[in-house]
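This is model-v9.txt (compact mmCIF, C-alpha atoms and all ligand atoms).
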# COMPACT_ATOMS: atom_id res chain seq x y z
CA MET A 1 67.32 -53.80 -2.70
CA GLU A 2 69.88 -51.09 -1.94
CA ILE A 3 72.58 -52.18 0.51
CA LYS A 4 74.40 -49.74 2.74
CA LEU A 5 77.57 -50.58 4.62
CA GLN A 6 78.16 -48.02 7.34
CA ASN A 7 81.55 -47.84 9.08
CA LEU A 8 81.75 -51.59 8.66
CA THR A 9 84.78 -53.04 10.45
CA LYS A 10 85.96 -56.56 11.21
CA VAL A 11 88.87 -57.25 13.50
CA PHE A 12 90.08 -60.83 13.91
CA GLN A 13 91.81 -61.64 17.17
CA SER A 14 94.28 -64.49 16.88
CA LYS A 15 95.68 -66.53 19.77
CA LYS A 16 98.91 -64.57 20.08
CA GLU A 17 96.81 -61.49 20.78
CA GLU A 18 97.60 -60.26 17.32
CA GLU A 19 94.89 -58.27 15.64
CA THR A 20 94.07 -58.35 11.95
CA ILE A 21 91.90 -55.52 10.74
CA ALA A 22 90.38 -57.44 7.84
CA VAL A 23 87.81 -54.77 6.98
CA ASP A 24 88.47 -51.20 7.99
CA ASN A 25 85.62 -48.73 8.24
CA LEU A 26 83.88 -49.44 4.95
CA ASP A 27 81.26 -46.94 3.85
CA ILE A 28 79.68 -48.07 0.62
CA THR A 29 76.24 -47.91 -0.95
CA ILE A 30 75.49 -50.79 -3.29
CA PRO A 31 72.82 -49.68 -5.74
CA SER A 32 69.56 -51.59 -6.06
CA GLY A 33 69.22 -54.04 -8.92
CA LYS A 34 72.83 -53.71 -10.05
CA LEU A 35 75.82 -56.00 -10.27
CA PHE A 36 78.43 -54.64 -7.90
CA GLY A 37 82.04 -55.87 -8.05
CA LEU A 38 84.12 -56.16 -4.88
CA LEU A 39 87.69 -56.14 -6.19
CA GLY A 40 91.12 -56.32 -4.63
CA PRO A 41 94.15 -58.54 -4.14
CA SER A 42 94.03 -61.72 -2.10
CA GLY A 43 93.68 -60.99 1.62
CA CYS A 44 92.23 -57.48 1.23
CA GLY A 45 88.99 -58.35 3.04
CA LYS A 46 86.59 -59.23 0.21
CA SER A 47 85.25 -62.48 1.64
CA THR A 48 85.07 -61.03 5.14
CA THR A 49 82.92 -58.18 3.79
CA LEU A 50 80.67 -60.60 1.92
CA TYR A 51 80.24 -62.86 4.96
CA MET A 52 79.26 -59.88 7.09
CA ILE A 53 76.64 -58.93 4.49
CA SER A 54 75.37 -62.53 4.52
CA GLY A 55 75.30 -62.65 8.32
CA LEU A 56 77.78 -65.53 8.59
CA LEU A 57 80.21 -63.15 10.30
CA ARG A 58 79.36 -60.47 12.85
CA PRO A 59 80.92 -57.06 12.34
CA THR A 60 83.21 -55.72 15.07
CA GLN A 61 81.74 -52.31 14.36
CA GLY A 62 79.31 -50.69 11.98
CA LYS A 63 76.01 -51.45 10.35
CA ILE A 64 74.52 -53.20 7.35
CA LEU A 65 71.27 -51.89 5.90
CA PHE A 66 69.06 -53.63 3.33
CA GLY A 67 66.92 -50.75 2.13
CA ASN A 68 65.88 -49.01 5.34
CA GLU A 69 66.10 -52.19 7.40
CA ASP A 70 69.07 -52.57 9.73
CA VAL A 71 69.95 -56.27 9.25
CA THR A 72 73.09 -56.20 11.43
CA PRO A 73 71.45 -58.30 14.20
CA VAL A 74 69.43 -60.48 11.77
CA PRO A 75 70.61 -64.11 11.38
CA PRO A 76 71.68 -65.26 7.88
CA GLU A 77 68.60 -67.39 7.17
CA GLU A 78 66.33 -64.43 7.78
CA ARG A 79 68.21 -61.94 5.60
CA GLY A 80 66.90 -63.17 2.27
CA ILE A 81 70.30 -63.76 0.70
CA GLY A 82 71.60 -66.33 -1.76
CA LEU A 83 75.27 -67.24 -1.41
CA VAL A 84 77.55 -68.91 -3.95
CA PHE A 85 81.09 -70.02 -3.17
CA GLN A 86 84.13 -70.68 -5.31
CA ASN A 87 83.94 -74.44 -4.75
CA TYR A 88 80.20 -74.84 -5.58
CA ALA A 89 79.55 -76.81 -2.33
CA LEU A 90 76.90 -79.05 -3.91
CA TYR A 91 75.62 -82.18 -2.19
CA PRO A 92 77.33 -84.99 -4.14
CA HIS A 93 74.75 -87.71 -3.37
CA MET A 94 71.81 -85.58 -4.52
CA THR A 95 70.64 -84.95 -8.07
CA VAL A 96 70.69 -81.49 -9.58
CA ARG A 97 66.94 -81.22 -8.89
CA GLN A 98 67.38 -82.21 -5.23
CA ASN A 99 70.27 -79.78 -4.83
CA ILE A 100 68.24 -76.90 -6.22
CA MET A 101 65.15 -77.81 -4.16
CA PHE A 102 67.09 -78.24 -0.93
CA PRO A 103 66.65 -74.64 0.31
CA LEU A 104 62.90 -74.95 -0.22
CA GLU A 105 62.58 -77.81 2.27
CA ASN A 106 62.68 -75.46 5.23
CA VAL A 107 60.01 -73.19 3.85
CA LYS A 108 56.46 -74.42 3.70
CA MET A 109 56.09 -74.85 -0.02
CA ASP A 110 53.81 -77.30 -1.76
CA LYS A 111 55.82 -80.13 -3.40
CA GLN A 112 54.43 -79.48 -6.87
CA GLU A 113 55.06 -75.77 -6.54
CA ALA A 114 58.63 -76.45 -5.37
CA LEU A 115 59.25 -78.73 -8.37
CA GLU A 116 57.98 -76.07 -10.73
CA LYS A 117 60.03 -73.35 -9.06
CA ALA A 118 63.19 -75.50 -9.27
CA GLN A 119 62.57 -76.18 -12.96
CA GLU A 120 61.95 -72.50 -13.68
CA ILE A 121 65.21 -71.46 -12.03
CA ALA A 122 67.16 -74.31 -13.65
CA ASP A 123 65.86 -73.19 -17.05
CA LEU A 124 66.84 -69.63 -16.27
CA VAL A 125 70.48 -70.61 -15.61
CA GLY A 126 70.51 -73.02 -18.55
CA ILE A 127 70.66 -76.41 -16.81
CA GLY A 128 66.99 -77.37 -17.04
CA HIS A 129 67.85 -80.49 -19.05
CA LEU A 130 70.29 -81.83 -16.44
CA MET A 131 67.93 -82.19 -13.48
CA ASN A 132 68.43 -85.93 -12.95
CA ARG A 133 72.23 -85.89 -13.00
CA LYS A 134 74.53 -85.99 -10.00
CA PRO A 135 77.09 -83.17 -9.60
CA LYS A 136 80.03 -85.36 -10.62
CA GLN A 137 78.34 -85.96 -13.99
CA LEU A 138 78.54 -82.23 -14.75
CA SER A 139 81.30 -79.90 -15.94
CA GLY A 140 82.63 -77.26 -13.57
CA GLY A 141 80.63 -74.55 -15.29
CA GLN A 142 77.43 -76.60 -15.03
CA GLN A 143 78.07 -77.32 -11.35
CA GLN A 144 78.52 -73.63 -10.70
CA ARG A 145 75.19 -72.94 -12.42
CA VAL A 146 73.52 -75.46 -10.12
CA ALA A 147 75.00 -73.58 -7.18
CA ILE A 148 73.64 -70.32 -8.61
CA ALA A 149 70.21 -71.89 -9.16
CA ARG A 150 70.21 -73.14 -5.57
CA ALA A 151 71.05 -69.63 -4.37
CA LEU A 152 68.24 -68.13 -6.47
CA VAL A 153 65.45 -70.61 -5.79
CA LYS A 154 64.16 -68.85 -2.67
CA SER A 155 63.99 -65.55 -4.58
CA PRO A 156 66.61 -63.82 -2.42
CA ARG A 157 66.72 -60.06 -2.00
CA VAL A 158 70.46 -60.14 -2.56
CA LEU A 159 72.78 -62.53 -4.41
CA LEU A 160 76.33 -62.85 -3.05
CA LEU A 161 79.01 -64.51 -5.19
CA ASP A 162 82.45 -65.21 -3.72
CA GLU A 163 84.98 -65.76 -6.55
CA PRO A 164 82.47 -67.99 -8.34
CA LEU A 165 84.61 -68.47 -11.45
CA SER A 166 88.00 -69.21 -9.90
CA ASN A 167 87.77 -72.98 -10.30
CA LEU A 168 86.86 -72.87 -13.98
CA ASP A 169 89.23 -72.99 -16.93
CA ALA A 170 89.71 -69.84 -19.01
CA ARG A 171 87.02 -70.56 -21.62
CA LEU A 172 84.36 -71.64 -19.14
CA ARG A 173 85.22 -68.69 -16.95
CA LEU A 174 84.46 -66.30 -19.81
CA GLN A 175 81.26 -68.12 -20.73
CA THR A 176 79.99 -68.41 -17.15
CA ARG A 177 80.73 -64.77 -16.41
CA GLU A 178 78.58 -63.71 -19.37
CA GLU A 179 75.90 -66.07 -18.12
CA ILE A 180 76.00 -64.51 -14.64
CA LYS A 181 75.66 -61.07 -16.20
CA ARG A 182 72.62 -62.25 -18.20
CA ILE A 183 70.98 -63.89 -15.16
CA GLN A 184 71.53 -60.75 -13.11
CA ARG A 185 70.01 -58.57 -15.84
CA GLU A 186 66.98 -60.84 -16.14
CA THR A 187 66.33 -61.24 -12.43
CA LYS A 188 67.43 -57.70 -11.46
CA ILE A 189 68.54 -59.05 -8.10
CA THR A 190 71.07 -56.82 -6.37
CA THR A 191 74.26 -58.85 -6.77
CA ILE A 192 77.68 -58.55 -5.17
CA PHE A 193 80.41 -60.27 -7.12
CA VAL A 194 83.73 -60.81 -5.32
CA THR A 195 86.88 -61.32 -7.35
CA HIS A 196 90.63 -60.63 -7.32
CA ASP A 197 90.61 -60.61 -11.13
CA GLN A 198 90.42 -57.03 -12.36
CA GLU A 199 89.42 -57.96 -15.89
CA GLU A 200 86.57 -60.10 -14.59
CA ALA A 201 85.30 -57.33 -12.30
CA MET A 202 85.65 -54.67 -14.99
CA SER A 203 83.81 -56.68 -17.62
CA ILE A 204 80.85 -57.80 -15.54
CA SER A 205 80.15 -55.02 -13.02
CA ASP A 206 77.91 -51.98 -13.23
CA GLU A 207 79.97 -50.51 -10.43
CA ILE A 208 83.08 -51.61 -8.56
CA VAL A 209 84.87 -50.90 -5.33
CA VAL A 210 88.62 -51.46 -5.12
CA LEU A 211 89.81 -52.57 -1.68
CA ARG A 212 93.31 -52.60 -0.27
CA GLU A 213 94.05 -54.03 3.17
CA GLY A 214 90.43 -53.62 4.18
CA VAL A 215 90.26 -49.98 3.10
CA THR A 216 88.20 -48.56 0.22
CA GLN A 217 90.42 -47.07 -2.46
CA GLN A 218 87.79 -46.04 -4.99
CA VAL A 219 84.18 -46.66 -5.96
CA GLY A 220 82.73 -46.06 -9.41
CA ARG A 221 81.84 -47.38 -12.81
CA PRO A 222 84.65 -49.61 -14.12
CA GLN A 223 85.69 -47.30 -16.96
CA GLU A 224 85.56 -44.29 -14.66
CA VAL A 225 87.90 -45.96 -12.18
CA TYR A 226 90.21 -47.09 -14.98
CA ASN A 227 90.33 -43.66 -16.60
CA LYS A 228 90.48 -41.62 -13.40
CA PRO A 229 92.27 -43.69 -10.77
CA ALA A 230 92.31 -42.08 -7.32
CA ASN A 231 95.81 -43.31 -6.57
CA GLN A 232 98.75 -45.31 -7.83
CA PHE A 233 97.52 -48.55 -6.26
CA VAL A 234 94.25 -48.43 -8.23
CA ALA A 235 96.05 -47.39 -11.41
CA LYS A 236 98.41 -50.36 -11.09
CA PHE A 237 95.73 -52.84 -10.09
CA LEU A 238 93.50 -52.17 -13.12
CA GLY A 239 94.64 -52.95 -16.65
CA THR A 240 96.75 -55.54 -18.48
CA PRO A 241 99.53 -55.10 -19.24
CA PRO A 242 99.74 -52.88 -16.16
CA ILE A 243 100.36 -49.15 -16.24
CA ASN A 244 104.03 -48.10 -16.54
CA ILE A 245 105.39 -46.10 -13.62
CA PHE A 246 108.26 -43.63 -14.01
CA ASP A 247 110.10 -41.34 -11.64
CA GLY A 248 109.55 -37.82 -12.82
CA ARG A 249 109.10 -34.22 -11.80
CA ILE A 250 106.97 -31.17 -12.37
CA GLU A 251 109.16 -28.16 -13.16
CA GLY A 252 107.98 -24.79 -14.40
CA GLY A 253 104.60 -26.09 -15.53
CA LYS A 254 106.11 -29.02 -17.41
CA LEU A 255 106.33 -32.70 -16.71
CA PHE A 256 109.67 -34.47 -17.12
CA ILE A 257 111.00 -38.00 -17.13
CA GLY A 258 114.77 -37.47 -16.89
CA ASP A 259 115.54 -34.74 -19.43
CA SER A 260 112.58 -35.60 -21.62
CA GLN A 261 109.59 -33.33 -21.51
CA ILE A 262 106.44 -35.43 -21.51
CA ALA A 263 103.69 -32.84 -21.31
CA SER A 264 102.67 -29.46 -19.98
CA TYR A 265 101.41 -29.85 -16.46
CA LYS A 266 99.94 -27.54 -13.87
CA GLY A 267 101.23 -28.04 -10.36
CA LYS A 268 103.95 -26.85 -8.05
CA ASP A 269 107.51 -27.97 -8.74
CA GLN A 270 108.05 -31.35 -7.12
CA GLU A 271 109.24 -34.91 -7.62
CA VAL A 272 106.36 -37.15 -8.74
CA SER A 273 105.53 -40.63 -9.97
CA ILE A 274 104.23 -40.69 -13.52
CA GLY A 275 101.91 -43.44 -14.73
CA ILE A 276 101.46 -44.01 -18.47
CA ARG A 277 99.14 -46.73 -19.75
CA PRO A 278 100.74 -49.01 -22.37
CA GLU A 279 98.15 -47.78 -24.88
CA GLY A 280 99.05 -44.16 -24.09
CA PHE A 281 102.10 -43.84 -26.38
CA LYS A 282 102.05 -42.45 -29.87
CA ILE A 283 105.05 -42.68 -32.20
CA VAL A 284 105.89 -39.24 -33.64
CA GLU A 285 108.59 -37.57 -35.73
CA ARG A 286 109.73 -35.07 -33.16
CA SER A 287 109.87 -35.44 -29.41
CA SER A 288 112.47 -35.24 -26.68
CA PHE A 289 110.99 -38.46 -25.25
CA GLN A 290 113.23 -40.78 -27.22
CA VAL A 291 113.83 -44.43 -26.36
CA GLU A 292 115.48 -47.54 -27.73
CA VAL A 293 113.28 -50.58 -28.41
CA ASP A 294 114.52 -53.78 -26.81
CA LEU A 295 111.93 -56.33 -27.99
CA VAL A 296 108.85 -56.37 -30.19
CA GLU A 297 105.93 -58.69 -29.43
CA THR A 298 103.06 -59.08 -31.83
CA ILE A 299 100.02 -60.89 -30.45
CA GLY A 300 96.88 -60.74 -32.57
CA ARG A 301 96.30 -57.13 -33.54
CA ASP A 302 98.53 -55.66 -30.82
CA THR A 303 102.18 -54.83 -31.24
CA THR A 304 103.87 -54.33 -27.91
CA LEU A 305 107.22 -52.61 -27.71
CA ILE A 306 109.33 -53.58 -24.76
CA ILE A 307 111.65 -50.73 -23.98
CA LYS A 308 114.51 -50.24 -21.54
CA HIS A 309 113.46 -47.96 -18.72
CA PRO A 310 114.97 -44.52 -19.37
CA GLU A 311 116.50 -44.30 -15.89
CA ASP A 312 116.98 -47.91 -14.96
CA GLU A 313 118.57 -50.18 -17.56
CA SER A 314 117.63 -53.26 -15.56
CA SER A 315 113.88 -52.79 -16.02
CA THR A 316 111.60 -52.30 -18.99
CA PHE A 317 108.30 -50.71 -19.84
CA ARG A 318 105.63 -51.51 -22.40
CA ALA A 319 104.03 -49.52 -25.18
CA ILE A 320 101.24 -50.88 -27.36
CA VAL A 321 101.42 -49.29 -30.82
CA ASP A 322 99.97 -49.68 -34.26
CA ALA A 323 101.59 -52.61 -36.13
CA ASP A 324 101.87 -50.40 -39.25
CA TYR A 325 104.93 -48.61 -37.87
CA GLY A 326 107.00 -51.75 -38.45
CA VAL A 327 109.23 -51.09 -35.45
CA GLU A 328 112.11 -53.54 -34.95
CA PRO A 329 114.30 -54.34 -31.97
CA GLY A 330 117.17 -51.84 -31.71
CA ASP A 331 115.16 -49.04 -33.37
CA THR A 332 114.98 -45.66 -31.70
CA VAL A 333 111.47 -44.26 -31.45
CA LYS A 334 110.08 -40.93 -30.30
CA PHE A 335 106.91 -40.78 -28.28
CA ASN A 336 104.13 -38.40 -27.52
CA VAL A 337 101.96 -39.32 -24.56
CA LYS A 338 98.17 -39.22 -24.86
CA PRO A 339 97.02 -36.85 -22.10
CA HIS A 340 94.12 -39.03 -20.89
CA LYS A 341 96.45 -42.02 -20.51
CA LEU A 342 98.82 -40.08 -18.28
CA HIS A 343 98.45 -39.93 -14.50
CA VAL A 344 100.63 -38.07 -12.04
CA PHE A 345 100.94 -39.25 -8.45
CA ASN A 346 102.34 -37.81 -5.25
CA LYS A 347 105.66 -39.53 -4.76
CA GLU A 348 105.13 -40.23 -1.05
CA THR A 349 101.40 -40.91 -0.72
CA GLY A 350 100.63 -42.28 -4.18
CA GLU A 351 97.54 -40.05 -4.34
CA ILE A 352 96.67 -38.55 -7.71
CA ILE A 353 97.85 -34.95 -8.20
N1 LIG B 1 88.80 -66.36 10.69
C1 LIG B 1 89.87 -65.55 10.59
N2 LIG B 1 90.74 -65.40 11.60
C2 LIG B 1 91.80 -64.58 11.51
N3 LIG B 1 92.10 -63.86 10.42
C3 LIG B 1 91.29 -63.98 9.34
C4 LIG B 1 90.12 -64.84 9.37
N4 LIG B 1 89.51 -64.74 8.16
C5 LIG B 1 90.24 -63.88 7.43
N5 LIG B 1 91.29 -63.42 8.13
C6 LIG B 1 92.29 -62.43 7.66
O1 LIG B 1 91.60 -61.28 7.26
C7 LIG B 1 92.17 -60.73 6.08
C8 LIG B 1 91.12 -60.66 4.98
O2 LIG B 1 90.75 -61.98 4.60
P1 LIG B 1 89.68 -62.27 3.47
O3 LIG B 1 88.46 -61.47 3.73
O4 LIG B 1 89.50 -63.75 3.40
O5 LIG B 1 90.41 -61.73 2.17
P2 LIG B 1 90.05 -61.94 0.61
O6 LIG B 1 88.73 -62.63 0.52
O7 LIG B 1 90.05 -60.56 0.04
O8 LIG B 1 91.17 -62.75 0.04
C9 LIG B 1 93.36 -61.61 5.74
O9 LIG B 1 94.51 -61.02 6.30
C10 LIG B 1 93.05 -62.91 6.43
O10 LIG B 1 94.21 -63.60 6.77
MG MG B 2 88.24 -64.49 -0.37
Output the file's structure in the form of structure tokens.
Ligand SMILES: Nc1ncnc2c1ncn2[C@@H]1O[C@H](COP(=O)(O)OP(=O)(O)O)[C@@H](O)[C@H]1O
Ligand SMILES: [Mg+2]
Amino acid sequence: MEIKLQNLTKVFQSKKEEETIAVDNLDITIPSGKLFGLLGPSGCGKSTTLYMISGLLRPTQGKILFGNEDVTPVPPEERGIGLVFQNYALYPHMTVRQNIMFPLENVKMDKQEALEKAQEIADLVGIGHLMNRKPKQLSGGQQQRVAIARALVKSPRVLLLDEPLSNLDARLRLQTREEIKRIQRETKITTIFVTHDQEEAMSISDEIVVLREGVTQQVGRPQEVYNKPANQFVAKFLGTPPINIFDGRIEGGKLFIGDSQIASYKGKDQEVSIGIRPEGFKIVERSSFQVEVDLVETIGRDTTLIIKHPEDESSTFRAIVDADYGVEPGDTVKFNVKPHKLHVFNKETGEII
């Protein structure tokens, strides 16, 4: 089921007559049968968008289409959606089986058929052996799977997940996210996955949208957005450790940080912001981009050099290099910058140049 958001806007009016534009003129097409990540920092309008798609919130302006059907005036229970929240929201006094079957009580389904359907879905999400337990007898990851099973049992057209992994510890989060990916692949239900965690969104999604203050920044496949960020906000939001930002300039077809020439670069002479991914540095014999290493961190197979910022002694930047160089604190190193790890932004607007 393809979903189209057309000029979708939500304005909240608070008591003091203050307006919050939580979602600002979103125009997105969510492809059928895919897992779509809605990504952005806390407060950027992710949940508000999801609740408008579910029908729990009415848009101030704009339309929501499921396929060719305009569902904007359709109440939530008639949209054919399954919704999963961060906090599971299971009924504590009911067993797993009763929780999963609950949505079927309002539809006229034969008891035996409902039992079979519940078992089938529970097996699909890997909790088929826990049907007689109560939620408090389950781990967080298992509880979240019950919530997913409950959302899936009515065979929704669309599955909506609002930060479903936030309450899980790191290991369970990883495991459950792989599980969600598998379930989505098997069921092929169009799924919207909301998260503020860029790594989570990047790893699980077929496509992502990055939101900032209710406004779309970029839509695309995760690697595409990572490799070709539309602006400095997106570049900084994706990737750990984050991209390094330097003040620089384009002058005579060359790109400079201070007096160091970083690369050749087409563009009119101007002051710019230069973004270089930590993995974008290469240690070389000869280069005018010469820096002094402050600290060396080796974690697993990565060696990270922490280096004093060339123009601001009070801050540092990070370069991930091959451990074989044997760099030590206090060493001077010379860098080349890998062209595809280098991004140049308009100093005022932050847009990519
Ligand atoms: N019911 C509401 N009344 C007023 N403001 C709200 C309401 N719900 C959300 N907001 C505001 O709308 C913005 C977006 O919120 P939300 O969609 O919950 O963000 P996210 O899910 O990305 O963290 C925030 O500034 C938030 O404070
Ligand atoms: Mg939210």
Inset, instruction - Please identify the residues whose atoms come within 12 Å of ligand LIG 1 (chain B), using all atoms listed in the file, and report them as a ChimeraX atom specification. - result: /A:9-24,38-52,56-58,85-86,161-163,193-197,210-215
Inset, instruction - Have a look at CA of Asp259 in chain A and CA of Ser288 in chain A and let me know their distance in Å, one decimal. - result: 7.9 Å
Legend entry - Which of A:Thr72, A:Gln261, A:Ser166, A:Gln98 sits closest to ligand MG 2 (chain B) [using only C-alpha atoms and all ligand atoms]: A:Ser166
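The protein and nucleic acid residues lying at most 9 Å from Leu174 in chain A are Leu165, Asp169, Glu179 and Glu200 of chain A, with all atoms listed in the file considered and sequence neighbours fewer than 5 positions away removed.
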Legend entry - Within 7 Å of Gly280 in chain A using all atoms listed in the file, minus same-chain residues under 3 positions, as a PyMOL selection string: chain A and resi 276-277+337-338+341
Can you tell me which residues surround Ile64 in chain A at a distance of at most 8 Å, considering only C-alpha atoms, apart from same-chain residues fewer than 4 positions away, and format the answer as an mmCIF file with C-alpha atoms, in the coordinates of the input?
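In the end it all went to out-v1.cif:
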data_model
loop_
_atom_site.group_PDB
_atom_site.id
_atom_site.type_symbol
_atom_site.label_atom_id
_atom_site.label_comp_id
_atom_site.auth_asym_id
_atom_site.auth_seq_id
_atom_site.Cartn_x
_atom_site.Cartn_y
_atom_site.Cartn_z
ATOM 1 C CA ILE A 3 72.580 -52.180 0.510
ATOM 2 C CA LYS A 4 74.400 -49.740 2.740
ATOM 3 C CA LEU A 5 77.570 -50.580 4.620
ATOM 4 C CA GLN A 6 78.160 -48.020 7.340
ATOM 5 C CA LEU A 8 81.750 -51.590 8.660
ATOM 6 C CA ILE A 53 76.640 -58.930 4.490
ATOM 7 C CA ASP A 70 69.070 -52.570 9.730
ATOM 8 C CA VAL A 71 69.950 -56.270 9.250
ATOM 9 C CA THR A 72 73.090 -56.200 11.430
#
Would you write out, as CSV, a table of all residues in range 144-181 of chain A that have an atom no more than 8 Å from an atom of range 109-123 of chain A, listing for each the closest atom pair and the distance in Å to one decimal, considering only C-alpha atoms and ordering rows by chain and rising residue number?
residue,atom,partner,partner_atom,distance
A:Val146,CA,A:Ala122,CA,7.4
A:Ala149,CA,A:Ile121,CA,5.8
A:Leu152,CA,A:Ile121,CA,7.2
A:Val153,CA,A:Ile121,CA,6.3
Writer output for current selection, C-alpha atoms, as a compact mmCIF listing (two decimals), in the frame of the given file:
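Dumped to part-v1.txt:
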# COMPACT_ATOMS: atom_id res chain seq x y z
CA VAL A 146 73.52 -75.46 -10.12
CA ALA A 149 70.21 -71.89 -9.16
CA LEU A 152 68.24 -68.13 -6.47
CA VAL A 153 65.45 -70.61 -5.79
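Candidate residues A:Ile243, A:Ala263, A:Ile353, A:Val296 were compared for distance to Pro339 in chain A, and the nearest is A:Ala263, using only C-alpha atoms.
The closest residue to ligand MG 2 (chain B), picked from A:Leu26, A:Pro164, A:Glu348, A:Leu138 and counting all atoms listed in the file, is A:Pro164.
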N, CA and C atoms are what I want for range 107-121 of chain A; can you complete it accordingly and write them as a JSON list (two decimals), in the coordinates of the input?
[["chain", "number", "residue", "atom", "x", "y", "z"],
["A", 107, "VAL", "N", 61.17, -74.07, 3.95],
["A", 107, "VAL", "CA", 60.01, -73.19, 3.85],
["A", 107, "VAL", "C", 58.80, -74.04, 3.50],
["A", 108, "LYS", "N", 57.66, -73.61, 3.96],
["A", 108, "LYS", "CA", 56.46, -74.42, 3.70],
["A", 108, "LYS", "C", 55.98, -74.19, 2.27],
["A", 109, "MET", "N", 56.53, -74.98, 1.36],
["A", 109, "MET", "CA", 56.09, -74.85, -0.02],
["A", 109, "MET", "C", 55.56, -76.18, -0.49],
["A", 110, "ASP", "N", 54.44, -76.14, -1.14],
["A", 110, "ASP", "CA", 53.81, -77.30, -1.76],
["A", 110, "ASP", "C", 54.80, -78.02, -2.68],
["A", 111, "LYS", "N", 54.84, -79.36, -2.64],
["A", 111, "LYS", "CA", 55.82, -80.13, -3.40],
["A", 111, "LYS", "C", 55.79, -79.80, -4.90],
["A", 112, "GLN", "N", 54.58, -79.77, -5.44],
["A", 112, "GLN", "CA", 54.43, -79.48, -6.87],
["A", 112, "GLN", "C", 54.96, -78.09, -7.22],
["A", 113, "GLU", "N", 54.62, -77.16, -6.36],
["A", 113, "GLU", "CA", 55.06, -75.77, -6.54],
["A", 113, "GLU", "C", 56.60, -75.70, -6.48],
["A", 114, "ALA", "N", 57.18, -76.44, -5.53],
["A", 114, "ALA", "CA", 58.63, -76.45, -5.37],
["A", 114, "ALA", "C", 59.30, -77.03, -6.61],
["A", 115, "LEU", "N", 58.71, -78.12, -7.15],
["A", 115, "LEU", "CA", 59.25, -78.73, -8.37],
["A", 115, "LEU", "C", 59.22, -77.74, -9.53],
["A", 116, "GLU", "N", 58.12, -77.04, -9.64],
["A", 116, "GLU", "CA", 57.98, -76.07, -10.73],
["A", 116, "GLU", "C", 58.97, -74.92, -10.59],
["A", 117, "LYS", "N", 59.10, -74.45, -9.35],
["A", 117, "LYS", "CA", 60.03, -73.35, -9.06],
["A", 117, "LYS", "C", 61.47, -73.77, -9.41],
["A", 118, "ALA", "N", 61.84, -74.99, -8.99],
["A", 118, "ALA", "CA", 63.19, -75.50, -9.27],
["A", 118, "ALA", "C", 63.43, -75.58, -10.77],
["A", 119, "GLN", "N", 62.42, -76.05, -11.51],
["A", 119, "GLN", "CA", 62.57, -76.18, -12.96],
["A", 119, "GLN", "C", 62.71, -74.80, -13.62],
["A", 120, "GLU", "N", 61.92, -73.87, -13.13],
["A", 120, "GLU", "CA", 61.95, -72.50, -13.68],
["A", 120, "GLU", "C", 63.34, -71.88, -13.51],
["A", 121, "ILE", "N", 63.89, -72.03, -12.31],
["A", 121, "ILE", "CA", 65.21, -71.46, -12.03],
["A", 121, "ILE", "C", 66.30, -72.19, -12.82]]
